Each structure stands twice: as C-alpha cells, then as structure tokens.
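Enquirer: For reference, the file query_22.cif (mmCIF, C-alpha atoms, pLDDT in the B column; chains and numbers go by the auth columns) is included below:
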data_start
#
loop_
_atom_site.group_PDB
_atom_site.id
_atom_site.type_symbol
_atom_site.label_atom_id
_atom_site.label_comp_id
_atom_site.label_asym_id
_atom_site.label_seq_id
_atom_site.Cartn_x
_atom_site.Cartn_y
_atom_site.Cartn_z
_atom_site.B_iso_or_equiv
_atom_site.auth_seq_id
_atom_site.auth_asym_id
ATOM 1 C CA MET A 1 144.210 181.231 178.070 40.00 12 A
ATOM 2 C CA ARG A 2 143.007 178.997 175.294 41.00 13 A
ATOM 3 C CA SER A 3 141.831 176.304 177.713 40.00 14 A
ATOM 4 C CA ARG A 4 141.773 175.414 181.394 42.00 15 A
ATOM 5 C CA SER A 5 144.746 173.085 180.870 40.00 16 A
ATOM 6 C CA ALA A 6 146.742 175.837 179.187 42.00 17 A
ATOM 7 C CA ARG A 7 145.924 178.269 182.009 45.00 18 A
ATOM 8 C CA TRP A 8 147.050 175.797 184.668 40.00 19 A
ATOM 9 C CA LEU A 9 150.227 175.161 182.688 44.00 20 A
ATOM 10 C CA ALA A 10 150.809 178.914 182.781 45.00 21 A
ATOM 11 C CA LEU A 11 150.288 179.128 186.529 43.00 22 A
ATOM 12 C CA ALA A 12 152.464 176.108 187.212 41.00 23 A
ATOM 13 C CA LEU A 13 155.315 177.395 185.096 40.00 24 A
ATOM 14 C CA SER A 14 155.485 181.067 186.077 37.00 25 A
ATOM 15 C CA GLY A 15 159.161 181.653 185.332 32.00 26 A
ATOM 16 C CA VAL A 16 161.689 184.028 183.117 28.00 27 A
ATOM 17 C CA SER A 17 163.369 184.618 179.460 28.00 28 A
ATOM 18 C CA SER A 18 162.311 185.006 175.890 27.00 29 A
ATOM 19 C CA THR A 19 165.144 182.859 174.559 25.00 30 A
ATOM 20 C CA VAL A 20 166.425 179.386 175.372 26.00 31 A
ATOM 21 C CA LEU A 21 169.751 179.699 177.144 25.00 32 A
ATOM 22 C CA ALA A 22 172.774 177.478 176.800 28.00 33 A
ATOM 23 C CA ALA A 23 173.604 175.868 180.137 29.00 34 A
ATOM 24 C CA PRO A 24 176.221 178.014 181.902 31.00 35 A
ATOM 25 C CA GLN A 25 178.749 176.882 184.426 32.00 36 A
ATOM 26 C CA ALA A 26 176.875 175.765 187.526 34.00 37 A
ATOM 27 C CA PRO A 27 176.834 178.461 190.235 35.00 38 A
ATOM 28 C CA SER A 28 178.424 177.524 193.540 35.00 39 A
ATOM 29 C CA ALA A 29 176.011 176.471 196.252 35.00 40 A
ATOM 30 C CA GLN A 30 178.097 178.633 198.590 36.00 41 A
ATOM 31 C CA SER A 31 177.567 181.861 196.626 37.00 42 A
ATOM 32 C CA HIS A 32 175.446 184.588 198.189 38.00 43 A
ATOM 33 C CA PRO A 33 172.926 187.041 196.732 37.00 44 A
ATOM 34 C CA ALA A 34 173.937 190.643 196.309 36.00 45 A
ATOM 35 C CA ALA A 35 173.315 192.798 199.348 36.00 46 A
ATOM 36 C CA GLY A 36 171.021 195.783 199.395 46.00 47 A
ATOM 37 C CA PRO A 37 167.400 196.467 198.428 57.00 48 A
ATOM 38 C CA GLY A 38 165.670 195.201 195.301 72.00 49 A
ATOM 39 C CA ILE A 39 166.292 192.029 193.365 88.00 50 A
ATOM 40 C CA GLU A 40 169.085 191.017 190.999 92.00 51 A
ATOM 41 C CA PRO A 41 168.240 190.452 187.289 96.00 52 A
ATOM 42 C CA PHE A 42 168.390 186.881 185.999 97.00 53 A
ATOM 43 C CA ALA A 43 167.357 184.659 183.115 98.00 54 A
ATOM 44 C CA ALA A 44 166.409 181.010 183.547 97.00 55 A
ATOM 45 C CA HIS A 45 165.323 178.142 181.311 97.00 56 A
ATOM 46 C CA TYR A 46 163.024 175.366 182.548 97.00 57 A
ATOM 47 C CA ILE A 47 161.622 172.086 181.270 93.00 58 A
ATOM 48 C CA ALA A 48 157.845 171.714 181.588 90.00 59 A
ATOM 49 C CA GLU A 49 156.337 168.342 182.509 88.00 60 A
ATOM 50 C CA TRP A 50 152.741 167.134 182.651 85.00 61 A
ATOM 51 C CA HIS A 51 152.180 163.838 184.484 81.00 62 A
ATOM 52 C CA ASP A 52 155.928 163.067 184.038 79.00 63 A
ATOM 53 C CA ILE A 53 155.715 163.728 180.277 83.00 64 A
ATOM 54 C CA SER A 54 157.895 166.498 178.850 86.00 65 A
ATOM 55 C CA VAL A 55 155.478 168.924 177.178 86.00 66 A
ATOM 56 C CA GLY A 56 157.505 172.075 176.597 91.00 67 A
ATOM 57 C CA THR A 57 159.873 174.717 177.897 93.00 68 A
ATOM 58 C CA SER A 58 159.510 177.797 180.059 92.00 69 A
ATOM 59 C CA ASP A 59 161.797 180.837 179.919 95.00 70 A
ATOM 60 C CA LEU A 60 161.898 183.684 182.436 95.00 71 A
ATOM 61 C CA LYS A 61 163.786 186.966 182.339 97.00 72 A
ATOM 62 C CA LEU A 62 163.994 189.707 184.941 97.00 73 A
ATOM 63 C CA GLU A 63 165.761 192.891 183.815 97.00 74 A
ATOM 64 C CA ARG A 64 166.106 196.470 184.945 95.00 75 A
ATOM 65 C CA ASP A 65 163.936 198.898 183.004 94.00 76 A
ATOM 66 C CA GLY A 66 165.021 202.521 182.983 85.00 77 A
ATOM 67 C CA PRO A 67 165.383 204.424 186.273 81.00 78 A
ATOM 68 C CA ALA A 68 166.656 202.707 189.400 82.00 79 A
ATOM 69 C CA GLY A 69 164.042 200.509 191.035 89.00 80 A
ATOM 70 C CA ARG A 70 162.092 199.755 187.848 95.00 81 A
ATOM 71 C CA TYR A 71 161.957 196.298 186.274 97.00 82 A
ATOM 72 C CA HIS A 72 160.529 194.285 183.377 97.00 83 A
ATOM 73 C CA TYR A 73 159.683 190.620 183.980 97.00 84 A
ATOM 74 C CA SER A 74 158.866 188.376 181.012 96.00 85 A
ATOM 75 C CA TRP A 75 157.832 184.762 180.672 93.00 86 A
ATOM 76 C CA VAL A 76 157.378 182.528 177.627 92.00 87 A
ATOM 77 C CA VAL A 77 155.982 178.979 177.585 89.00 88 A
ATOM 78 C CA SER A 78 156.486 176.946 174.405 90.00 89 A
ATOM 79 C CA ALA A 79 154.827 173.592 173.825 84.00 90 A
ATOM 80 C CA ARG A 80 156.761 170.878 172.007 80.00 91 A
ATOM 81 C CA GLY A 81 156.180 167.456 170.471 70.00 92 A
ATOM 82 C CA ILE A 82 152.562 166.492 169.939 64.00 93 A
ATOM 83 C CA PHE A 83 151.473 169.259 172.327 64.00 94 A
ATOM 84 C CA ARG A 84 152.741 171.769 169.770 67.00 95 A
ATOM 85 C CA LEU A 85 149.975 170.584 167.449 55.00 96 A
ATOM 86 C CA VAL A 86 147.367 171.753 169.970 60.00 97 A
ATOM 87 C CA TYR A 87 149.177 174.781 171.432 63.00 98 A
ATOM 88 C CA SER A 88 150.978 176.121 168.363 70.00 99 A
ATOM 89 C CA ASP A 89 151.219 179.653 169.780 79.00 100 A
ATOM 90 C CA ASP A 90 153.614 180.472 172.603 83.00 101 A
ATOM 91 C CA LEU A 91 152.052 181.723 175.808 87.00 102 A
ATOM 92 C CA THR A 92 153.728 185.005 176.787 92.00 103 A
ATOM 93 C CA GLN A 93 153.349 187.219 179.839 94.00 104 A
ATOM 94 C CA GLN A 94 155.029 190.500 180.735 97.00 105 A
ATOM 95 C CA SER A 95 154.950 192.674 183.835 98.00 106 A
ATOM 96 C CA TRP A 96 156.395 196.155 184.350 98.00 107 A
ATOM 97 C CA PHE A 97 156.789 197.261 187.954 97.00 108 A
ATOM 98 C CA ALA A 98 158.682 199.386 190.457 96.00 109 A
ATOM 99 C CA ILE A 99 160.169 198.318 193.775 96.00 110 A
ATOM 100 C CA VAL A 100 159.054 200.753 196.468 94.00 111 A
ATOM 101 C CA ASP A 101 160.127 200.275 200.095 93.00 112 A
ATOM 102 C CA ASP A 102 161.376 196.798 199.105 92.00 113 A
ATOM 103 C CA HIS A 103 157.936 195.705 197.827 95.00 114 A
ATOM 104 C CA VAL A 104 156.677 195.283 194.270 97.00 115 A
ATOM 105 C CA ARG A 105 154.259 197.890 192.928 97.00 116 A
ATOM 106 C CA PRO A 106 153.063 196.681 189.498 98.00 117 A
ATOM 107 C CA ASP A 107 152.366 199.221 186.758 98.00 118 A
ATOM 108 C CA HIS A 108 151.365 197.250 183.661 98.00 119 A
ATOM 109 C CA TYR A 109 150.634 193.619 182.759 97.00 120 A
ATOM 110 C CA ARG A 110 150.240 192.013 179.352 96.00 121 A
ATOM 111 C CA GLY A 111 149.547 188.377 178.434 94.00 122 A
ATOM 112 C CA ALA A 112 148.910 186.796 175.040 91.00 123 A
ATOM 113 C CA GLN A 113 148.502 183.450 173.299 87.00 124 A
ATOM 114 C CA GLY A 114 147.568 183.621 169.642 86.00 125 A
ATOM 115 C CA SER A 115 144.545 185.897 169.257 85.00 126 A
ATOM 116 C CA SER A 116 143.766 185.819 173.008 88.00 127 A
ATOM 117 C CA SER A 117 145.130 188.652 175.123 92.00 128 A
ATOM 118 C CA VAL A 118 144.883 190.391 178.480 94.00 129 A
ATOM 119 C CA SER A 119 146.328 193.839 179.177 97.00 130 A
ATOM 120 C CA PHE A 120 145.780 196.282 182.024 97.00 131 A
ATOM 121 C CA GLN A 121 147.337 199.221 183.845 98.00 132 A
ATOM 122 C CA PHE A 122 147.538 199.700 187.613 98.00 133 A
ATOM 123 C CA ASP A 123 146.427 203.206 188.571 98.00 134 A
ATOM 124 C CA TRP A 124 147.481 203.462 192.203 97.00 135 A
ATOM 125 C CA SER A 125 146.396 207.119 192.418 97.00 136 A
ATOM 126 C CA THR A 126 142.758 206.046 191.965 97.00 137 A
ATOM 127 C CA GLY A 127 143.111 202.530 193.379 97.00 138 A
ATOM 128 C CA ARG A 128 141.859 200.859 190.196 98.00 139 A
ATOM 129 C CA ALA A 129 143.125 198.701 187.331 98.00 140 A
ATOM 130 C CA PHE A 130 141.988 199.450 183.775 97.00 141 A
ATOM 131 C CA GLY A 131 142.377 197.478 180.552 97.00 142 A
ATOM 132 C CA SER A 132 140.845 194.615 178.603 96.00 143 A
ATOM 133 C CA SER A 133 140.585 190.831 178.812 93.00 144 A
ATOM 134 C CA GLU A 134 139.606 188.835 175.732 90.00 145 A
ATOM 135 C CA GLY A 135 138.270 192.049 174.170 91.00 146 A
ATOM 136 C CA LYS A 136 136.123 192.978 177.197 94.00 147 A
ATOM 137 C CA PRO A 137 136.891 196.028 179.357 96.00 148 A
ATOM 138 C CA ILE A 138 138.476 195.662 182.805 95.00 149 A
ATOM 139 C CA ASP A 139 137.774 198.073 185.667 97.00 150 A
ATOM 140 C CA LEU A 140 138.828 196.570 188.988 97.00 151 A
ATOM 141 C CA VAL A 141 139.185 197.928 192.513 97.00 152 A
ATOM 142 C CA LEU A 142 142.727 197.383 193.801 97.00 153 A
ATOM 143 C CA LYS A 143 143.398 196.146 197.300 95.00 154 A
ATOM 144 C CA PRO A 144 146.654 197.290 198.962 94.00 155 A
ATOM 145 C CA GLY A 145 149.530 195.234 197.573 95.00 156 A
ATOM 146 C CA THR A 146 147.563 193.688 194.668 98.00 157 A
ATOM 147 C CA GLN A 147 149.837 191.889 192.196 97.00 158 A
ATOM 148 C CA ASP A 148 149.560 190.413 188.701 97.00 159 A
ATOM 149 C CA LEU A 149 150.365 186.809 187.737 94.00 160 A
ATOM 150 C CA LEU A 150 154.053 187.630 187.203 95.00 161 A
ATOM 151 C CA SER A 151 154.821 190.385 189.701 97.00 162 A
ATOM 152 C CA ILE A 152 153.624 188.159 192.555 96.00 163 A
ATOM 153 C CA GLN A 153 156.635 185.911 192.037 95.00 164 A
ATOM 154 C CA VAL A 154 159.091 188.780 192.499 96.00 165 A
ATOM 155 C CA GLU A 155 157.156 189.981 195.552 97.00 166 A
ATOM 156 C CA ILE A 156 157.531 186.519 197.103 97.00 167 A
ATOM 157 C CA MET A 157 161.258 186.568 196.360 97.00 168 A
ATOM 158 C CA LEU A 158 161.591 189.925 198.133 96.00 169 A
ATOM 159 C CA ASP A 159 159.468 188.789 201.086 97.00 170 A
ATOM 160 C CA LEU A 160 161.565 185.655 201.527 97.00 171 A
ATOM 161 C CA LYS A 161 164.737 187.738 201.304 95.00 172 A
ATOM 162 C CA ASN A 162 163.420 190.018 204.057 94.00 173 A
ATOM 163 C CA GLY A 163 162.012 187.134 206.128 94.00 174 A
ATOM 164 C CA ASN A 164 158.426 188.402 206.172 94.00 175 A
ATOM 165 C CA LEU A 165 156.300 186.341 203.751 95.00 176 A
ATOM 166 C CA PRO A 166 152.601 187.270 204.238 94.00 177 A
ATOM 167 C CA THR A 167 149.943 184.551 204.262 94.00 178 A
ATOM 168 C CA ASN A 168 147.507 186.337 201.922 96.00 179 A
ATOM 169 C CA PHE A 169 147.903 187.981 198.525 96.00 180 A
ATOM 170 C CA SER A 170 145.444 189.533 196.082 96.00 181 A
ATOM 171 C CA ILE A 171 146.246 188.804 192.429 96.00 182 A
ATOM 172 C CA ILE A 172 144.577 189.971 189.203 96.00 183 A
ATOM 173 C CA ASP A 173 143.844 186.886 187.094 90.00 184 A
ATOM 174 C CA LYS A 174 142.335 187.832 183.715 87.00 185 A
ATOM 175 C CA ASP A 175 139.361 190.026 184.718 91.00 186 A
ATOM 176 C CA GLN A 176 139.125 189.324 188.457 94.00 187 A
ATOM 177 C CA VAL A 177 140.973 190.060 191.671 95.00 188 A
ATOM 178 C CA LYS A 178 141.460 186.738 193.453 94.00 189 A
ATOM 179 C CA ASP A 179 142.771 186.027 196.935 95.00 190 A
ATOM 180 C CA PHE A 180 145.398 183.332 197.506 95.00 191 A
ATOM 181 C CA LEU A 181 146.870 181.736 200.620 96.00 192 A
ATOM 182 C CA TYR A 182 150.654 181.367 200.847 96.00 193 A
ATOM 183 C CA THR A 183 152.488 179.090 203.254 95.00 194 A
ATOM 184 C CA ARG A 184 156.195 178.632 203.896 96.00 195 A
ATOM 185 C CA GLU A 185 156.460 174.848 204.203 96.00 196 A
ATOM 186 C CA GLY A 186 160.102 174.542 205.220 96.00 197 A
ATOM 187 C CA ASN A 187 163.522 173.939 203.690 97.00 198 A
ATOM 188 C CA ALA A 188 164.921 171.254 201.369 98.00 199 A
ATOM 189 C CA LYS A 189 168.150 170.389 199.597 98.00 200 A
ATOM 190 C CA LEU A 190 167.276 170.280 195.896 98.00 201 A
ATOM 191 C CA ARG A 191 169.400 168.617 193.213 97.00 202 A
ATOM 192 C CA THR A 192 169.048 170.307 189.837 97.00 203 A
ATOM 193 C CA SER A 193 170.764 170.433 186.447 96.00 204 A
ATOM 194 C CA ILE A 194 172.777 173.439 187.644 97.00 205 A
ATOM 195 C CA GLY A 195 173.820 171.978 190.999 97.00 206 A
ATOM 196 C CA SER A 196 172.514 171.206 194.488 98.00 207 A
ATOM 197 C CA PHE A 197 171.066 174.054 196.539 98.00 208 A
ATOM 198 C CA ASP A 198 169.366 174.698 199.841 98.00 209 A
ATOM 199 C CA THR A 199 165.853 175.930 199.079 98.00 210 A
ATOM 200 C CA ILE A 200 162.776 177.355 200.772 98.00 211 A
ATOM 201 C CA ILE A 201 159.463 175.723 199.795 98.00 212 A
ATOM 202 C CA VAL A 202 156.422 178.000 199.410 97.00 213 A
ATOM 203 C CA ALA A 203 152.921 176.651 198.715 96.00 214 A
ATOM 204 C CA SER A 204 149.952 178.615 197.372 95.00 215 A
ATOM 205 C CA ARG A 205 146.264 177.830 196.943 94.00 216 A
ATOM 206 C CA HIS A 206 142.939 179.670 196.604 90.00 217 A
ATOM 207 C CA ASP A 207 141.787 178.702 200.097 87.00 218 A
ATOM 208 C CA ALA A 208 142.365 176.113 202.804 86.00 219 A
ATOM 209 C CA ASN A 209 140.013 173.644 201.082 89.00 220 A
ATOM 210 C CA ASP A 210 141.528 173.958 197.602 91.00 221 A
ATOM 211 C CA ARG A 211 142.511 170.520 196.253 93.00 222 A
ATOM 212 C CA ARG A 212 145.084 172.095 193.924 93.00 223 A
ATOM 213 C CA VAL A 213 148.343 173.289 195.446 94.00 224 A
ATOM 214 C CA LEU A 214 151.240 175.046 193.693 94.00 225 A
ATOM 215 C CA ARG A 215 154.642 174.641 195.369 96.00 226 A
ATOM 216 C CA MET A 216 157.795 176.517 194.428 96.00 227 A
ATOM 217 C CA TRP A 217 161.389 175.992 195.540 98.00 228 A
ATOM 218 C CA PHE A 218 163.408 179.237 195.977 98.00 229 A
ATOM 219 C CA ALA A 219 167.205 179.268 196.400 98.00 230 A
ATOM 220 C CA PRO A 220 168.519 181.911 198.868 97.00 231 A
ATOM 221 C CA SER A 221 172.119 181.482 197.648 97.00 232 A
ATOM 222 C CA LEU A 222 170.997 182.452 194.123 96.00 233 A
ATOM 223 C CA GLY A 223 169.054 185.538 195.165 95.00 234 A
ATOM 224 C CA PHE A 224 165.851 183.494 195.708 96.00 235 A
ATOM 225 C CA VAL A 225 165.545 182.487 192.046 96.00 236 A
ATOM 226 C CA PRO A 226 162.845 179.771 191.707 96.00 237 A
ATOM 227 C CA LEU A 227 164.453 176.430 190.823 98.00 238 A
ATOM 228 C CA GLN A 228 161.360 174.261 190.637 96.00 239 A
ATOM 229 C CA ALA A 229 157.558 174.426 190.694 95.00 240 A
ATOM 230 C CA GLU A 230 155.035 171.605 191.063 95.00 241 A
ATOM 231 C CA ARG A 231 151.265 171.637 190.961 93.00 242 A
ATOM 232 C CA THR A 232 149.447 168.801 192.671 94.00 243 A
ATOM 233 C CA ARG A 233 145.802 167.828 192.937 93.00 244 A
ATOM 234 C CA ASP A 234 144.783 165.681 195.905 94.00 245 A
ATOM 235 C CA GLY A 235 148.479 165.072 196.525 92.00 246 A
ATOM 236 C CA LYS A 236 149.152 163.755 192.999 93.00 247 A
ATOM 237 C CA LEU A 237 151.615 165.555 190.727 92.00 248 A
ATOM 238 C CA GLU A 238 150.079 167.133 187.624 89.00 249 A
ATOM 239 C CA PHE A 239 152.443 169.832 186.324 88.00 250 A
ATOM 240 C CA ALA A 240 156.086 170.591 187.042 92.00 251 A
ATOM 241 C CA MET A 241 158.729 173.110 186.045 93.00 252 A
ATOM 242 C CA ARG A 242 162.400 172.176 186.599 96.00 253 A
ATOM 243 C CA ILE A 243 165.345 174.475 185.960 97.00 254 A
ATOM 244 C CA ARG A 244 167.883 173.579 183.272 97.00 255 A
ATOM 245 C CA SER A 245 170.050 176.729 183.061 97.00 256 A
ATOM 246 C CA LEU A 246 170.550 180.038 184.828 98.00 257 A
ATOM 247 C CA LYS A 247 172.282 183.275 183.842 96.00 258 A
ATOM 248 C CA ARG A 248 172.911 186.175 186.260 89.00 259 A
#
Please rewrite the model in this file as structure tokens.
Expert:
Amino acid sequence: MRSRSARWLALALSGVSSTVLAAPQAPSAQSHPAAGPGIEPFAAHYIAEWHDISVGTSDLKLERDGPAGRYHYSWVVSARGIFRLVYSDDLTQQSWFAIVDDHVRPDHYRGAQGSSSVSFQFDWSTGRAFGSSEGKPIDLVLKPGTQDLLSIQVEIMLDLKNGNLPTNFSIIDKDQVKDFLYTREGNAKLRTSIGSFDTIIVASRHDANDRRVLRMWFAPSLGFVPLQAERTRDGKLEFAMRIRSLKR
C-alpha cells in the first residue's frame, strides 16, 4: 500500500495467521485432506525473501466464522532487519466470505498498513461493491465470481480440489476490478521445512504479455494449502514466500 514494492510484496506473499507459530511435527506426505465440501481451517507461517534476501515473515490463518460455510481469512506481513526501518507497520489483510455451492462468495474485505486502509462490502443483491480506498469512496460493478485479494486464494484451493480451475478471474485490487489469467502449469515434488510434498503449480498474471508472473505451489495431501509462492519478472526471481510451519 505504501509503495509499489510493498504492494508487490503483499501480492507475492498472500498467505495466513496473525501470530508466528512454533514448527509442529511435520505432516505425513501420505496424509489426505478431509472429504466433503468446503475447505479445512489452517494456520501457516512463511519466510519472505526479496532477491534471495530474507526481508520478513508472512502469517496466514483460515478459520470458521459462525454458521456452517462461513469463514474468516487473515494475513499479516511483517518486515524485519533493515526493512523494518522502512516498513515499520505490519501489512494486514482480512476477508470474510461464505462457501456457496463449493465456491467462495466474499462478503467483506479490509486491508491496512499504518494510516493507509482499504475496506469494502460485497453487495451481491445489487451486484456492486461499496467502501473506501485511501479515504476515497468505492462503488464498483461486480462481475460473477469476483474475488478480493485474499478470497481468491481460497477459491483457487477449492477449484483445484474439484479439478476445475478456471483460466480467468476478476479481483478487486484497491479501487478497481482487475482481470487475471490463471494457468495450471503442472506438478512438482517440493521439499520444504515441514517435509516433502507433491504439489500443483498455478501461475497468474494480468494478461498473456505481462512480464510479471506469480506462481504458487499447492499441496493436495494437505488440503491444497499453499507451500510456496514466487514472483518473477522476465524469468528472474524477485519475491518469494516459503513455508516454515503449518498447523491444522
């Protein structure tokens, strides 16, 4: 929010928990996600890297919120070392949503870093999103299936689980609805701090000519929790998020 670099760090690290977790016992690579609709809650802690330099941590948390089918997804990025001098305020994002027919229907999004903030409500009855971004009003027309910067990750997890990942998504980013292309690039065995897992690689970009590509590695045996994310520009690694602990 505070700068283009900070915004790209946010996009590259979209993850889950408001507290740093102690590393639990590594889950078995042979375990299987729970059956049935929806997604299982989890909390994960990641290390953030910029050009191979450790710059901070990222914590994600997905939890049930009230009635069945409703969830709260939170994400906190904290800079460390010399980067803390520039980005002294944590970057936080929260999304409240329901799962309807095994798809995410977002209700409310909130993001903040210091005095900067974005907050809006999805009004599906009118097909619009209302709120404010950096103190300016938001009034956006929603396309079917529009997501926010956090809910999109859970939607991808559900789509991968059901084997039907679409190629196009509309996402509200600050005060605009932007279209992104998504591609399933294949499978890979990924070694992490919590063990080795078979993963599915998904890449996203604004359009086919975009020089920036965000790739994420999702683990089916862990309920499609993201284990790693990398953002490249012209094929060169810029930002990365790598898992360090996971709690289910």
Enquirer: When you count only C-alpha atoms, which of these residues is closest to Ser204 of chain A: A:Gln132, A:Asp112, A:His62, A:Gln239?
Expert: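 Counting only C-alpha atoms, the residue closest to Ser204 of chain A is A:Gln239.
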Enquirer: Excluding same-chain residues fewer than 4 positions from segment 183-200 of chain A, what lies within 9 Å of it counting only C-alpha atoms, as a tab-separated table (two decimals) with C-alpha atoms, in the coordinates of the input?
Expert:
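The result, written out as around-v9.tsv:
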chain	number	residue	atom	x	y	z
A	12	MET	CA	144.21	181.23	178.07
A	122	GLY	CA	149.55	188.38	178.43
A	129	VAL	CA	144.88	190.39	178.48
A	130	SER	CA	146.33	193.84	179.18
A	143	SER	CA	140.84	194.62	178.60
A	144	SER	CA	140.58	190.83	178.81
A	145	GLU	CA	139.61	188.84	175.73
A	147	LYS	CA	136.12	192.98	177.20
A	148	PRO	CA	136.89	196.03	179.36
A	149	ILE	CA	138.48	195.66	182.80
A	150	ASP	CA	137.77	198.07	185.67
A	151	LEU	CA	138.83	196.57	188.99
A	152	VAL	CA	139.18	197.93	192.51
A	153	LEU	CA	142.73	197.38	193.80
A	154	LYS	CA	143.40	196.15	197.30
A	157	THR	CA	147.56	193.69	194.67
A	158	GLN	CA	149.84	191.89	192.20
A	159	ASP	CA	149.56	190.41	188.70
A	160	LEU	CA	150.36	186.81	187.74
A	176	LEU	CA	156.30	186.34	203.75
A	177	PRO	CA	152.60	187.27	204.24
A	178	THR	CA	149.94	184.55	204.26
A	179	ASN	CA	147.51	186.34	201.92
A	207	SER	CA	172.51	171.21	194.49
A	208	PHE	CA	171.07	174.05	196.54
A	209	ASP	CA	169.37	174.70	199.84
A	210	THR	CA	165.85	175.93	199.08
A	211	ILE	CA	162.78	177.36	200.77
A	212	ILE	CA	159.46	175.72	199.80
A	213	VAL	CA	156.42	178.00	199.41
A	214	ALA	CA	152.92	176.65	198.72
A	215	SER	CA	149.95	178.62	197.37
A	216	ARG	CA	146.26	177.83	196.94
A	217	HIS	CA	142.94	179.67	196.60
A	218	ASP	CA	141.79	178.70	200.10
A	219	ALA	CA	142.36	176.11	202.80
A	228	TRP	CA	161.39	175.99	195.54
Enquirer: Tell me, in Å to one decimal, how far atom CA of Pro78 of chain A is from atom CA of Phe53 of chain A.
Expert: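 These atoms are spaced 17.8 Å apart.
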Enquirer: So what do you get for atom CA of Val165 of chain A versus atom CA of Val115 of chain A, distance-wise?
Expert: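 Computing the Euclidean distance for atom CA of Val165 of chain A and atom CA of Val115 of chain A yields 7.2 Å.
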Enquirer: Measuring between all atoms listed in the file, which one of A:Arg223, A:Arg116, A:Arg202, A:His56 shows the shortest distance to Ile163 of chain A?
Expert: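 Smallest separation from Ile163 of chain A among the options: A:Arg116.
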Enquirer: Using all atoms listed in the file, pick whichever of A:Gly67, A:Pro155, A:Gly206, A:Gly146 has the shortest atom-to-atom distance to Asp134 of chain A.
Expert: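 The shortest atom-to-atom distance to Asp134 of chain A comes from A:Pro155.
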Enquirer: Can you work out which one of A:Thr243, A:Phe108, A:His114, A:Gly142 has the shortest atom-to-atom distance to Gly77 of chain A, counting only C-alpha atoms?
Expert: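 With only C-alpha atoms as the atom set, the closest residue is A:Phe108.
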Enquirer: Can you tell me how far atom CA of Thr137 of chain A sits from atom CA of Ile50 of chain A, in Å to one decimal?
Expert: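 We find that atom CA of Thr137 of chain A and atom CA of Ile50 of chain A lie 27.4 Å from each other.
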Enquirer: Closest to Ala55 of chain A among A:Leu248, A:Ile205, A:Val111, A:Met227, using all atoms listed in the file?
Expert: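 The shortest atom-to-atom distance to Ala55 of chain A comes from A:Ile205.
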Enquirer: Please determine, counting only C-alpha atoms, which residue among A:His83, A:Arg91, A:Arg121, A:Arg222 has the shortest atom-to-atom distance to Trp107 of chain A.
Expert: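 Counting only C-alpha atoms, the residue closest to Trp107 of chain A is A:His83.
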Enquirer: For this structure, which residues satisfy the selection - the PyMOL selection byres ((chain A and resi 231) around 10) - when it is evaluated on the file as given? I want them as a PyMOL selection string.
Expert: chain A and resi 40+42-44+168+171-172+208-211+228-230+232-237
Enquirer: With the PyMOL selection byres ((chain A and resi 57) around 8) as the selection, what would be picked from this file? Answer as a list in words, please.
Expert: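 Answer for the PyMOL selection byres ((chain A and resi 57) around 8): Gly26, Ala55, His56, Ile58, Ala59, Thr68, Ser69, Asp70, Met252, Arg253, Ile254, Arg255 and Ser256 of chain A.
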Enquirer: I need the residue set behind the PyMOL selection byres ((chain A and resi 246) around 12) for this file; please write it as a compact mmCIF listing (two decimals) with C-alpha atoms, in the frame of the given file.
Expert:
# COMPACT_ATOMS: atom_id res chain seq x y z
CA ASP A 221 141.53 173.96 197.60
CA ARG A 222 142.51 170.52 196.25
CA ARG A 223 145.08 172.10 193.92
CA VAL A 224 148.34 173.29 195.45
CA LEU A 225 151.24 175.05 193.69
CA ARG A 226 154.64 174.64 195.37
CA GLU A 241 155.04 171.60 191.06
CA ARG A 242 151.26 171.64 190.96
CA THR A 243 149.45 168.80 192.67
CA ARG A 244 145.80 167.83 192.94
CA ASP A 245 144.78 165.68 195.90
CA LYS A 247 149.15 163.76 193.00
CA LEU A 248 151.62 165.56 190.73
CA GLU A 249 150.08 167.13 187.62
CA PHE A 250 152.44 169.83 186.32
Enquirer: Mind listing whatever residues come within 9 Å of the point (157.9, 190.9, 184.7)? Use only C-alpha atoms, file coordinates, and give them as a list in words.
Expert: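 Using only C-alpha atoms, the matching residues come out as Val27, Leu71, Lys72, Leu73, Glu74, Tyr82, His83, Tyr84, Ser85, Trp86, Gln104, Gln105, Ser106, Trp107, Phe108, Pro117, Tyr120, Leu161, Ser162, Gln164 and Val165 of chain A.
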Enquirer: Please determine an axis-aligned box that encloses all atoms of segment 243-255 of chain A listed in the file, with 6 Å added on each side, and express its centre and edge lengths in Å to one decimal as lines of an AutoDock Vina configuration file.
Expert:
center_x = 156.3
center_y = 169.1
center_z = 189.9
size_x = 35.1
size_y = 22.7
size_z = 25.3
Enquirer: Within 8 Å of Arg259 of chain A, counting all atoms listed in the file, which residues show up once you throw out same-chain ones fewer than 6 positions away? Write them as a ChimeraX atom specification, please.
Expert: /A:51-54
